[in-house]
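What follows is the content of model-v3.txt (compact mmCIF, C-alpha atoms (C1' of nucleotides)).
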```
# COMPACT_ATOMS: atom_id res chain seq x y z
CA MET M 1 23.95 10.56 -25.71
CA GLY M 2 20.34 9.67 -25.46
CA LYS M 3 17.84 10.64 -22.84
CA ALA M 4 17.41 9.50 -19.27
CA VAL M 5 14.56 11.64 -18.01
CA GLY M 6 11.73 12.71 -20.25
CA ASP M 7 11.04 16.12 -18.82
CA ARG M 8 12.35 18.02 -15.90
CA GLY M 9 9.29 17.07 -13.91
CA GLY M 10 10.84 13.84 -12.74
CA VAL M 11 13.91 15.60 -11.43
CA VAL M 12 12.18 18.13 -9.21
CA PRO M 13 11.40 15.74 -6.33
CA LEU M 14 15.04 14.67 -6.24
CA LEU M 15 16.07 18.31 -6.23
CA ALA M 16 13.66 18.99 -3.40
CA GLU M 17 15.11 16.22 -1.30
CA ALA M 18 18.63 17.46 -1.96
CA PHE M 19 17.69 21.00 -0.88
CA ARG M 20 15.91 19.66 2.19
CA GLU M 21 18.87 17.63 3.34
CA CYS M 22 21.68 20.02 2.46
CA GLY M 23 20.01 23.42 2.39
CA PHE M 24 19.95 25.64 -0.65
CA GLU M 25 23.52 26.88 -0.36
CA GLY M 26 24.75 23.54 0.89
CA ALA M 27 23.36 21.68 -2.11
CA SER M 28 26.22 22.25 -4.51
CA LEU M 29 25.92 21.37 -8.15
CA SER M 30 28.10 18.33 -7.55
CA VAL M 31 25.78 16.88 -4.90
CA ILE M 32 22.77 17.80 -7.02
CA SER M 33 24.36 16.03 -9.95
CA GLN M 34 25.03 13.01 -7.75
CA ARG M 35 21.55 12.89 -6.21
CA THR M 36 19.72 13.27 -9.50
CA GLY M 37 22.12 11.16 -11.54
CA LEU M 38 22.21 13.96 -14.10
CA GLY M 39 25.34 15.65 -15.38
CA LYS M 40 25.75 19.37 -15.43
CA GLY M 41 24.85 19.43 -19.10
CA SER M 42 21.44 17.93 -18.45
CA LEU M 43 20.81 20.07 -15.40
CA TYR M 44 21.50 23.28 -17.28
CA ASN M 45 19.49 22.00 -20.18
CA PHE M 46 16.43 21.56 -17.97
CA PHE M 47 17.11 24.59 -15.80
CA PRO M 48 18.94 27.22 -17.86
CA GLY M 49 18.68 29.59 -14.93
CA GLY M 50 20.89 27.38 -12.76
CA LYS M 51 20.29 26.83 -9.07
CA GLU M 52 17.97 29.81 -8.93
CA GLU M 53 15.59 28.18 -11.38
CA MET M 54 15.93 24.82 -9.64
CA GLY M 55 14.93 26.41 -6.36
CA ALA M 56 11.97 28.15 -7.95
CA ALA M 57 10.85 24.92 -9.60
CA VAL M 58 11.05 23.06 -6.32
CA LEU M 59 9.07 25.73 -4.50
CA ALA M 60 6.48 25.68 -7.27
CA ALA M 61 6.18 21.90 -7.02
CA ILE M 62 5.75 22.06 -3.25
CA ASP M 63 3.14 24.76 -3.64
CA ALA M 64 1.32 22.68 -6.23
CA TRP M 65 1.27 19.66 -3.95
CA PHE M 66 -0.13 21.61 -1.03
CA GLU M 67 -2.57 23.39 -3.30
CA ALA M 68 -3.99 20.06 -4.45
CA GLU M 69 -3.76 18.08 -1.21
CA VAL M 70 -4.29 20.71 1.47
CA PHE M 71 -5.46 24.12 0.30
CA ALA M 72 -8.12 22.96 -2.19
CA PRO M 73 -9.73 20.49 0.25
CA LEU M 74 -9.85 23.29 2.82
CA ARG M 75 -11.61 25.56 0.36
CA ALA M 76 -14.09 22.92 -0.70
CA ALA M 77 -17.39 22.87 1.11
CA GLY M 78 -17.75 20.03 3.60
CA ASP M 79 -17.71 19.15 7.25
CA PRO M 80 -15.19 21.53 8.87
CA ARG M 81 -14.18 19.01 11.50
CA ALA M 82 -13.46 16.40 8.87
CA ALA M 83 -11.50 18.97 6.89
CA ILE M 84 -9.32 19.73 9.89
CA THR M 85 -8.60 16.06 10.50
CA ALA M 86 -7.80 15.58 6.83
CA MET M 87 -5.40 18.52 6.91
CA ARG M 88 -3.65 17.11 9.94
CA ALA M 89 -3.29 13.74 8.27
CA ALA M 90 -1.96 15.23 5.04
CA VAL M 91 0.56 17.41 6.86
CA ASP M 92 1.73 14.55 9.05
CA ALA M 93 2.17 12.35 6.01
CA TYR M 94 3.99 15.01 4.02
CA PHE M 95 6.49 15.80 6.73
CA ARG M 96 6.89 12.12 7.54
CA SER M 97 6.04 12.72 11.18
CA GLY M 98 8.74 15.33 11.49
CA ARG M 99 11.54 13.43 9.80
CA ARG M 100 11.15 15.69 6.81
CA VAL M 101 11.83 19.43 6.93
CA CYS M 102 9.62 22.16 5.51
CA LEU M 103 11.74 23.60 2.75
CA VAL M 104 9.65 26.75 2.58
CA GLY M 105 10.10 27.31 6.30
CA ALA M 106 13.83 26.70 6.04
CA PHE M 107 14.05 29.18 3.17
CA ALA M 108 12.11 31.70 5.25
CA LEU M 109 14.64 31.53 8.07
CA ASP M 110 17.65 31.47 5.81
CA ASN M 111 18.77 34.37 3.73
CA VAL M 112 17.72 32.50 0.58
CA ARG M 113 14.34 33.94 1.41
CA GLU M 114 15.37 37.10 -0.39
CA ARG M 115 15.83 35.13 -3.57
CA PHE M 116 12.28 33.77 -3.60
CA PRO M 117 10.36 36.40 -1.72
CA GLY M 118 7.02 35.99 -3.46
CA GLN M 119 6.90 32.21 -3.45
CA VAL M 120 7.67 31.87 0.26
CA ARG M 121 5.12 34.46 1.28
CA ASP M 122 2.42 33.19 -1.09
CA TYR M 123 2.74 29.62 0.18
CA PHE M 124 2.02 30.57 3.75
CA ALA M 125 -0.54 33.22 2.85
CA ALA M 126 -2.48 30.75 0.72
CA TRP M 127 -2.47 28.18 3.51
CA ARG M 128 -3.54 30.70 6.11
CA ASP M 129 -6.32 32.12 3.95
CA ALA M 130 -7.67 28.71 2.98
CA LEU M 131 -7.74 27.59 6.59
CA ALA M 132 -9.26 30.85 7.82
CA GLY M 133 -11.94 30.69 5.15
CA MET M 134 -12.88 27.19 6.22
CA LEU M 135 -13.16 28.26 9.85
CA GLU M 136 -15.37 31.15 8.83
CA ARG M 137 -17.69 28.80 7.00
CA GLY M 138 -17.74 26.81 10.22
CA GLY M 139 -19.13 29.82 12.04
CA VAL M 140 -15.96 31.47 13.37
CA ALA M 141 -15.78 35.25 13.10
CA ALA M 142 -13.28 36.55 10.55
CA PRO M 143 -10.66 38.02 12.91
CA GLU M 144 -10.67 34.96 15.16
CA ALA M 145 -10.50 32.67 12.14
CA ARG M 146 -7.48 34.46 10.78
CA GLU M 147 -5.71 34.40 14.12
CA ALA M 148 -6.47 30.71 14.61
CA ALA M 149 -5.18 29.93 11.12
CA GLU M 150 -1.95 31.79 11.75
CA ASP M 151 -1.61 29.98 15.04
CA ALA M 152 -2.03 26.62 13.35
CA LEU M 153 0.72 27.41 10.84
CA ILE M 154 2.96 28.57 13.64
CA GLN M 155 2.47 25.27 15.40
CA VAL M 156 3.34 23.24 12.34
CA GLN M 157 6.52 25.19 11.66
CA GLY M 158 7.54 25.40 15.29
CA ALA M 159 6.96 21.72 15.78
CA LEU M 160 9.24 20.96 12.85
CA VAL M 161 12.00 23.12 14.30
CA LEU M 162 11.77 21.72 17.82
CA CYS M 163 11.39 18.18 16.54
CA ARG M 164 14.65 18.47 14.63
CA ALA M 165 16.43 20.28 17.43
CA LEU M 166 15.51 17.70 20.07
CA ASP M 167 15.72 14.88 17.56
CA ASP M 168 12.44 13.53 18.86
CA PRO M 169 9.67 12.71 16.34
CA GLU M 170 7.18 12.59 19.18
CA VAL M 171 7.47 16.37 19.51
CA PHE M 172 6.10 16.84 16.02
CA THR M 173 3.27 14.36 16.41
CA ALA M 174 2.19 15.85 19.73
CA GLY M 175 2.38 19.36 18.32
CA LEU M 176 0.16 18.47 15.39
CA ALA M 177 -2.32 16.84 17.75
CA ARG M 178 -2.53 20.03 19.82
CA MET M 179 -3.04 22.05 16.65
CA GLU M 180 -5.92 19.84 15.59
CA GLN M 181 -7.48 19.95 19.02
CA ARG M 182 -7.31 23.73 19.24
CA LEU M 183 -8.94 24.15 15.88
CA MET M 184 -11.67 21.72 16.88
CA THR M 185 -12.59 23.61 20.02
CA LEU M 186 -13.33 26.65 17.89
CA LEU M 187 -16.10 24.91 16.02
CA MET S 1 50.34 45.65 14.12
CA GLY S 2 48.85 46.27 17.50
CA LYS S 3 45.62 45.09 18.91
CA ALA S 4 42.09 46.11 18.05
CA VAL S 5 39.99 43.84 20.23
CA GLY S 6 41.18 42.71 23.63
CA ASP S 7 39.79 39.21 23.68
CA ARG S 8 37.61 37.28 21.34
CA GLY S 9 34.61 38.03 23.53
CA GLY S 10 33.95 41.30 21.79
CA VAL S 11 33.88 39.65 18.39
CA VAL S 12 31.30 36.99 19.15
CA PRO S 13 28.22 39.26 18.94
CA LEU S 14 29.37 40.48 15.53
CA LEU S 15 29.87 36.88 14.44
CA ALA S 16 26.41 36.02 15.68
CA GLU S 17 24.84 38.81 13.67
CA ALA S 18 26.75 37.73 10.58
CA PHE S 19 25.55 34.12 10.98
CA ARG S 20 22.00 35.30 11.60
CA GLU S 21 21.89 37.41 8.48
CA CYS S 22 23.80 35.16 6.10
CA GLY S 23 23.39 31.71 7.59
CA PHE S 24 26.29 29.56 8.67
CA GLU S 25 27.32 28.45 5.21
CA GLY S 26 26.49 31.81 3.69
CA ALA S 27 28.73 33.69 6.09
CA SER S 28 32.01 33.32 4.26
CA LEU S 29 35.25 34.32 5.88
CA SER S 30 35.33 37.42 3.71
CA VAL S 31 31.99 38.69 4.97
CA ILE S 32 32.94 37.72 8.51
CA SER S 33 36.16 39.63 8.11
CA GLN S 34 34.20 42.60 6.77
CA ARG S 35 31.54 42.53 9.49
CA THR S 36 33.99 42.17 12.34
CA GLY S 37 36.65 44.43 10.91
CA LEU S 38 39.20 41.71 11.62
CA GLY S 39 41.53 40.19 9.08
CA LYS S 40 41.93 36.50 8.60
CA GLY S 41 45.02 36.54 10.75
CA SER S 42 43.14 37.86 13.75
CA LEU S 43 40.18 35.58 13.20
CA TYR S 44 42.31 32.47 13.10
CA ASN S 45 44.28 33.77 16.04
CA PHE S 46 41.13 33.99 18.16
CA PHE S 47 39.47 30.92 16.66
CA PRO S 48 42.15 28.44 15.59
CA GLY S 49 39.40 25.99 14.73
CA GLY S 50 38.04 28.23 11.98
CA LYS S 51 34.35 28.64 11.27
CA GLU S 52 33.54 25.56 13.29
CA GLU S 53 34.95 27.15 16.42
CA MET S 54 33.29 30.46 15.61
CA GLY S 55 29.94 28.75 15.35
CA ALA S 56 30.46 26.92 18.62
CA ALA S 57 31.48 30.16 20.34
CA VAL S 58 28.40 31.94 19.05
CA LEU S 59 26.11 29.14 20.20
CA ALA S 60 27.81 29.16 23.59
CA ALA S 61 27.30 32.92 23.89
CA ILE S 62 23.63 32.64 22.97
CA ASP S 63 23.19 29.85 25.46
CA ALA S 64 24.91 31.92 28.13
CA TRP S 65 22.61 34.89 27.47
CA PHE S 66 19.47 32.79 27.71
CA GLU S 67 20.83 30.99 30.72
CA ALA S 68 21.27 34.28 32.53
CA GLU S 69 18.24 36.17 31.26
CA VAL S 70 15.65 33.47 30.75
CA PHE S 71 16.46 30.04 32.17
CA ALA S 72 17.82 31.17 35.55
CA PRO S 73 14.88 33.50 36.27
CA LEU S 74 12.53 30.64 35.41
CA ARG S 75 14.33 28.37 37.86
CA ALA S 76 14.35 30.96 40.61
CA ALA S 77 11.50 30.83 43.08
CA GLY S 78 8.92 33.57 42.61
CA ASP S 79 5.49 34.32 41.33
CA PRO S 80 4.92 32.00 38.35
CA ARG S 81 2.72 34.49 36.54
CA ALA S 82 5.33 37.19 36.85
CA ALA S 83 7.98 34.76 35.65
CA ILE S 84 5.97 34.01 32.52
CA THR S 85 5.50 37.67 31.73
CA ALA S 86 9.19 38.29 32.29
CA MET S 87 10.08 35.45 29.94
CA ARG S 88 7.79 36.83 27.29
CA ALA S 89 9.34 40.26 27.60
CA ALA S 90 12.90 38.92 27.46
CA VAL S 91 12.16 36.79 24.40
CA ASP S 92 10.41 39.63 22.62
CA ALA S 93 13.31 41.94 23.32
CA TYR S 94 15.93 39.40 22.26
CA PHE S 95 14.29 38.64 18.94
CA ARG S 96 13.51 42.31 18.39
CA SER S 97 9.83 41.58 17.89
CA GLY S 98 10.60 39.08 15.18
CA ARG S 99 13.09 41.11 13.21
CA ARG S 100 15.85 38.93 14.56
CA VAL S 101 16.11 35.23 13.78
CA CYS S 102 16.79 32.46 16.27
CA LEU S 103 20.17 31.18 15.20
CA VAL S 104 19.73 27.95 17.13
CA GLY S 105 16.42 27.30 15.40
CA ALA S 106 17.95 28.08 12.02
CA PHE S 107 20.80 25.68 12.76
CA ALA S 108 18.28 23.03 13.77
CA LEU S 109 16.51 23.22 10.42
CA ASP S 110 19.66 23.47 8.37
CA ASN S 111 22.15 20.67 8.00
CA VAL S 112 24.64 22.59 10.14
CA ARG S 113 22.74 20.99 12.98
CA GLU S 114 24.92 17.93 12.53
CA ARG S 115 27.99 20.00 13.28
CA PHE S 116 26.72 21.22 16.65
CA PRO S 117 24.38 18.44 17.72
CA GLY S 118 24.83 18.78 21.46
CA GLN S 119 24.62 22.54 21.69
CA VAL S 120 21.42 22.82 19.67
CA ARG S 121 19.67 20.11 21.62
CA ASP S 122 20.89 21.33 25.01
CA TYR S 123 19.68 24.86 24.38
CA PHE S 124 16.10 23.80 23.77
CA ALA S 125 16.17 21.07 26.40
CA ALA S 126 17.38 23.52 29.04
CA TRP S 127 14.68 26.02 28.12
CA ARG S 128 11.97 23.38 28.14
CA ASP S 129 13.08 21.91 31.47
CA ALA S 130 13.39 25.30 33.16
CA LEU S 131 9.92 26.30 32.00
CA ALA S 132 8.38 22.96 32.91
CA GLY S 133 9.93 23.10 36.36
CA MET S 134 8.47 26.52 36.94
CA LEU S 135 5.03 25.35 35.90
CA GLU S 136 5.31 22.39 38.26
CA ARG S 137 6.12 24.70 41.13
CA GLY S 138 2.99 26.60 40.11
CA GLY S 139 0.92 23.50 40.67
CA VAL S 140 0.87 21.92 37.21
CA ALA S 141 1.34 18.17 37.03
CA ALA S 142 4.64 17.03 35.56
CA PRO S 143 3.41 15.59 32.24
CA GLU S 144 1.18 18.58 31.53
CA ALA S 145 3.97 20.96 32.50
CA ARG S 146 6.38 19.35 30.11
CA GLU S 147 3.87 19.37 27.28
CA ALA S 148 3.00 23.01 27.91
CA ALA S 149 6.67 23.95 27.95
CA GLU S 150 7.29 22.18 24.65
CA ASP S 151 4.26 23.91 23.22
CA ALA S 152 5.56 27.31 24.30
CA LEU S 153 8.90 26.70 22.59
CA ILE S 154 7.10 25.55 19.48
CA GLN S 155 5.15 28.75 19.42
CA VAL S 156 8.24 30.93 19.73
CA GLN S 157 10.06 29.12 16.94
CA GLY S 158 7.03 28.85 14.71
CA ALA S 159 6.22 32.51 15.18
CA LEU S 160 9.73 33.42 14.10
CA VAL S 161 9.42 31.33 10.94
CA LEU S 162 5.99 32.63 9.97
CA CYS S 163 6.91 36.18 10.86
CA ARG S 164 9.86 36.08 8.47
CA ALA S 165 7.91 34.27 5.78
CA LEU S 166 5.03 36.74 5.77
CA ASP S 167 7.34 39.63 6.54
CA ASP S 168 4.91 40.81 9.19
CA PRO S 169 6.28 41.58 12.69
CA GLU S 170 2.75 41.52 14.04
CA VAL S 171 2.70 37.76 13.53
CA PHE S 172 5.50 37.32 16.03
CA THR S 173 4.04 39.67 18.62
CA ALA S 174 0.62 38.06 18.41
CA GLY S 175 2.15 34.59 18.61
CA LEU S 176 4.08 35.48 21.75
CA ALA S 177 0.94 36.94 23.30
CA ARG S 178 -0.94 33.69 22.68
CA MET S 179 1.91 31.73 24.21
CA GLU S 180 1.81 33.86 27.34
CA GLN S 181 -1.94 33.60 27.62
CA ARG S 182 -1.93 29.82 27.27
CA LEU S 183 0.67 29.43 29.97
CA MET S 184 -1.32 31.74 32.22
CA THR S 185 -4.51 29.73 31.94
CA LEU S 186 -2.65 26.71 33.30
CA LEU S 187 -1.93 28.42 36.59
C1' DC N 1 18.16 4.31 -44.31
C1' DG N 2 19.55 9.09 -43.30
C1' DC N 3 18.81 13.55 -41.61
C1' DG N 4 18.46 16.63 -37.75
C1' DC N 5 17.37 17.86 -33.11
C1' DC N 6 17.52 17.17 -28.52
C1' DC N 7 20.08 15.37 -24.85
C1' DT N 8 24.33 14.52 -22.24
C1' DG N 9 29.24 13.87 -20.65
C1' DT N 10 33.58 16.25 -20.35
C1' DA N 11 36.64 19.80 -20.24
C1' DC N 12 37.16 24.20 -18.98
C1' DC N 13 36.45 28.93 -16.86
C1' DA N 14 36.98 32.75 -13.47
C1' DA N 15 35.68 33.45 -8.83
C1' DT N 16 35.58 32.21 -4.33
C1' DC N 17 35.97 29.05 -0.63
C1' DA N 18 38.39 27.79 4.05
C1' DG N 19 42.68 27.62 5.75
C1' DT N 20 48.10 28.32 6.24
C1' DA N 21 52.43 30.82 6.53
C1' DC N 22 54.89 34.45 7.73
C1' DA N 23 56.82 38.84 8.32
C1' DA N 24 55.76 43.26 10.05
C1' DT N 25 54.12 46.02 13.74
C1' DT N 26 52.42 47.09 17.95
C1' DG N 27 51.74 47.20 23.22
C1' DT N 28 53.72 45.90 27.39
C1' DA N 29 56.84 44.52 30.93
C1' DC N 30 61.13 45.27 32.54
C1' DG Y 1 65.10 51.89 25.82
C1' DT Y 2 64.95 47.29 24.73
C1' DA Y 3 63.41 42.71 24.24
C1' DC Y 4 59.64 39.71 23.99
C1' DA Y 5 55.20 38.08 22.77
C1' DA Y 6 50.82 38.85 21.11
C1' DT Y 7 48.38 40.61 17.33
C1' DT Y 8 47.58 41.55 12.56
C1' DG Y 9 47.71 42.37 7.30
C1' DT Y 10 49.06 40.15 3.15
C1' DA Y 11 50.15 36.70 0.12
C1' DC Y 12 49.46 32.21 -0.89
C1' DT Y 13 47.60 27.42 -1.17
C1' DG Y 14 44.64 23.62 -3.15
C1' DA Y 15 40.00 22.62 -3.50
C1' DT Y 16 35.43 23.68 -4.86
C1' DT Y 17 31.98 26.88 -6.30
C1' DG Y 18 28.32 28.03 -10.11
C1' DG Y 19 28.34 28.39 -14.84
C1' DT Y 20 29.75 27.93 -20.04
C1' DA Y 21 31.27 25.67 -24.34
C1' DC Y 22 31.16 22.15 -27.18
C1' DA Y 23 31.58 17.83 -29.41
C1' DG Y 24 29.54 13.47 -29.72
C1' DG Y 25 25.93 10.08 -29.27
C1' DG Y 26 20.92 8.50 -29.35
C1' DC Y 27 16.18 8.88 -30.89
C1' DG Y 28 12.28 10.28 -33.73
C1' DC Y 29 10.64 11.56 -38.16
C1' DG Y 30 10.79 11.17 -42.83
```

Structure rendered as structure tokens:
Amino acid sequence: MGKAVGDRGGVVPLLAEAFRECGFEGASLSVISQRTGLGKGSLYNFFPGGKEEMGAAVLAAIDAWFEAEVFAPLRAAGDPRAAITAMRAAVDAYFRSGRRVCLVGAFALDNVRERFPGQVRDYFAAWRDALAGMLERGGVAAPEAREAAEDALIQVQGALVLCRALDDPEVFTAGLARMEQRLMTLL
Amino acid sequence: MGKAVGDRGGVVPLLAEAFRECGFEGASLSVISQRTGLGKGSLYNFFPGGKEEMGAAVLAAIDAWFEAEVFAPLRAAGDPRAAITAMRAAVDAYFRSGRRVCLVGAFALDNVRERFPGQVRDYFAAWRDALAGMLERGGVAAPEAREAAEDALIQVQGALVLCRALDDPEVFTAGLARMEQRLMTLL
DNA sequence: CGCGCCCTGTACCAATCAGTACAATTGTAC
DNA sequence: GTACAATTGTACTGATTGGTACAGGGCGCG
């Protein structure tokens, strides 16, 4: 019956949004089918592994986005202060000022974490290491850089949780601003 | 067939642990029945409203615990620095140094949030207000106190997420220590 | 024009879901 | 001891779950 989507690449963002809004367990195949406009046949054609493979593909896509837009810029040589501001801007844009949830963080809290153990850990480890490396190049000692990087990630994730809980986007924006400011004072 | 548990009060902690480990949607009635040792008959006898009522009861119990062990001590007059240390200790004990998840935070990220909107928001709002009030009594101006309180909650929730993601309890402990230190420097 | 391969909708599957009904059994009050 | 009510296991419901099978239709290549 013809083709609607060239490759599975175009479907992944729709999958991601479905997982974000309904959770991994909550996103049943019927809602996935509805959101993507694809029947079960197509879904299992693109993702023979079922929901498991869909989840892995979504996590991989998220990781790829952050790798290109956040991690790589952090690793590149350049003004550390500008890099921090750029990271803040990219994160704020990605999470739509708190209106969007971090799927990786949600997976980490949920039990689904045990289904994608490597991908969840690697995402945060890569972020932390890239940020810590940049701070080191800015003159921060290794242990302090690592702690500051972890702290920054904690603030992003915590701000997303509290922002959703209080239903107040301002909480996320203010949290990100504090994160940026704290990183700046280290340099 | 006799009675096994006097009132439903004794069941709630078991329910909470089941929700924490499996998530709200993931905790099916069969696993709940297994974890609590109660058949469906008993469960629906104690909670006629089904899972919805179980979730509400668990949230209420968590709120009651924090109200007694964390919020009330914060509201009570006393040395602010000692109050902060006590809060840190209570939180660390409750979350078992990061091995336990914050169910309210998990609900906030998940879509289940929409089923218990008031309870999730009230829990965090009560915590924030109690902490901010204590800081004000310690001499911190109202806006700064509120911001610092929000920041502390962010750090707790973020530390829980990152701790689970990296599977490293040290992340939670270190995050809590930073939270305590930052509050201290305000006083 | 025709062949063949990918794509896709539909029907179907066993398993499990939350929830209901009810009869059996127990503890308790008298 | 007896009656009553609360408690509980079991069987059952209809709906939905993730996943499979397959036949048919559309497109590219020759």

Query raised in the report: What residues in chain Y lie within 10 Å of chain S, counting only C-alpha atoms (C1' of nucleotides), written as an MDAnalysis selection string?
Result: chainID Y and resid 6:10

List every residue of chain M that has an atom at most 7 Å from any atom of chain S, giving for each one its closest atom pair and the distance in Å to one decimal, counting only C-alpha atoms, sorted by chain and then by ascending residue number, as JSON lines.
```
{"residue": "M:Glu21", "atom": "CA", "partner": "S:Asn111", "partner_atom": "CA", "distance": 6.5}
{"residue": "M:Cys22", "atom": "CA", "partner": "S:Asn111", "partner_atom": "CA", "distance": 5.6}
{"residue": "M:Gly23", "atom": "CA", "partner": "S:Asp110", "partner_atom": "CA", "distance": 6.0}
{"residue": "M:Glu25", "atom": "CA", "partner": "S:Glu25", "partner_atom": "CA", "distance": 6.9}
{"residue": "M:Val101", "atom": "CA", "partner": "S:Leu109", "partner_atom": "CA", "distance": 7.0}
{"residue": "M:Gly105", "atom": "CA", "partner": "S:Val161", "partner_atom": "CA", "distance": 6.2}
{"residue": "M:Ala106", "atom": "CA", "partner": "S:Leu109", "partner_atom": "CA", "distance": 6.2}
{"residue": "M:Ala108", "atom": "CA", "partner": "S:Ala165", "partner_atom": "CA", "distance": 5.0}
{"residue": "M:Leu109", "atom": "CA", "partner": "S:Val161", "partner_atom": "CA", "distance": 6.0}
{"residue": "M:Asp110", "atom": "CA", "partner": "S:Gly23", "partner_atom": "CA", "distance": 6.0}
{"residue": "M:Asn111", "atom": "CA", "partner": "S:Cys22", "partner_atom": "CA", "distance": 5.6}
{"residue": "M:Val120", "atom": "CA", "partner": "S:Ala165", "partner_atom": "CA", "distance": 6.0}
{"residue": "M:Arg121", "atom": "CA", "partner": "S:Leu166", "partner_atom": "CA", "distance": 5.0}
{"residue": "M:Asp151", "atom": "CA", "partner": "S:Gly175", "partner_atom": "CA", "distance": 6.9}
{"residue": "M:Ile154", "atom": "CA", "partner": "S:Gly158", "partner_atom": "CA", "distance": 4.2}
{"residue": "M:Gln155", "atom": "CA", "partner": "S:Gly158", "partner_atom": "CA", "distance": 5.8}
{"residue": "M:Gln157", "atom": "CA", "partner": "S:Gly158", "partner_atom": "CA", "distance": 4.8}
{"residue": "M:Gly158", "atom": "CA", "partner": "S:Gly158", "partner_atom": "CA", "distance": 3.5}
{"residue": "M:Ala159", "atom": "CA", "partner": "S:Ile154", "partner_atom": "CA", "distance": 5.3}
{"residue": "M:Val161", "atom": "CA", "partner": "S:Leu109", "partner_atom": "CA", "distance": 6.0}
{"residue": "M:Leu162", "atom": "CA", "partner": "S:Ile154", "partner_atom": "CA", "distance": 6.3}
{"residue": "M:Arg164", "atom": "CA", "partner": "S:Ala108", "partner_atom": "CA", "distance": 5.9}
{"residue": "M:Ala165", "atom": "CA", "partner": "S:Ala108", "partner_atom": "CA", "distance": 4.9}
{"residue": "M:Leu166", "atom": "CA", "partner": "S:Arg121", "partner_atom": "CA", "distance": 5.1}
{"residue": "M:Gly175", "atom": "CA", "partner": "S:Asp151", "partner_atom": "CA", "distance": 6.9}
```

**Report entry** Contact residues around stretch 9-24 of chain N with only C-alpha atoms (C1' of nucleotides) at 8 Å, ignoring same-chain residues under 2 positions, as a list of chain:residue names
**Finding:**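 Everything that qualifies: M:Gly39, M:Gly41, S:Met1, S:Ser28, S:Leu29, S:Gly50, Y:DT13, Y:DT16, Y:DT17, Y:DT20.
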
Query raised in the report: Which residues of chain N are close to chain S, meaning at most 7 Å apart when you count all atoms listed in the file, and how do they look as a VMD selection string?
Result: chain N and resid 25 to 27

Keeping C-alpha atoms (C1' of nucleotides) for every residue in the selection just given, could you write it to a file as an mmCIF file, keeping the file's coordinate frame?
```
data_model
loop_
_atom_site.group_PDB
_atom_site.id
_atom_site.type_symbol
_atom_site.label_atom_id
_atom_site.label_comp_id
_atom_site.auth_asym_id
_atom_site.auth_seq_id
_atom_site.Cartn_x
_atom_site.Cartn_y
_atom_site.Cartn_z
ATOM 1 C "C1'" DT N 25 54.120 46.020 13.740
ATOM 2 C "C1'" DT N 26 52.420 47.090 17.950
ATOM 3 C "C1'" DG N 27 51.740 47.200 23.220
#
```

Report task. Write out as a list in words each polymer residue whose atoms come within 10 Å of M:Gly138, counting all atoms listed in the file; drop sequence neighbours fewer than 6 positions from it. Result -> Ala77, Gly78, Asp79, Pro80, Arg81, Ala132, Ala145, Leu186 and Leu187 of chain M

**Report entry** Between atom CA of S:Arg137 and atom CA of S:Ala64 - distance in Å to one decimal
**Finding:** 24.0 Å

Requested in this report: Considering all atoms listed in the file, state which residue in the set M:Leu135, M:Leu15, M:Ala27, M:Ala89 is at the smallest distance from M:Leu59.
Outcome: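 Of the candidates, the smallest distance to M:Leu59 is held by M:Leu15.
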
Query - One-decimal distance in Å that lies between atom CA of S:Ala83 and atom CA of S:Met184 - result: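 About the pair atom CA of S:Met184 and atom CA of S:Ala83: they are 10.4 Å apart.
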
Report task. Just give me the gap between atom CA of S:Glu53 and atom CA of S:Phe66 in Å, one decimal is fine. Result ->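 These two atoms are separated by 20.0 Å.
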
Requested in this report: For N:DC30, list every protein, DNA or RNA residue within 12 Å, evaluated using only C-alpha atoms (C1' of nucleotides), and leave out those in the same chain fewer than 6 positions away; present the list as a list in words.
Outcome: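 My reading of the contact set: DG1, DT2, DA3 and DC4 of chain Y.
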
Query raised in the report: Using all atoms listed in the file, which residues sit within 12 Å of Y:DG28 once same-chain residues fewer than 5 positions away are excluded, as a PyMOL selection string?
Result: (chain M and resi 2) or (chain N and resi 3-6)
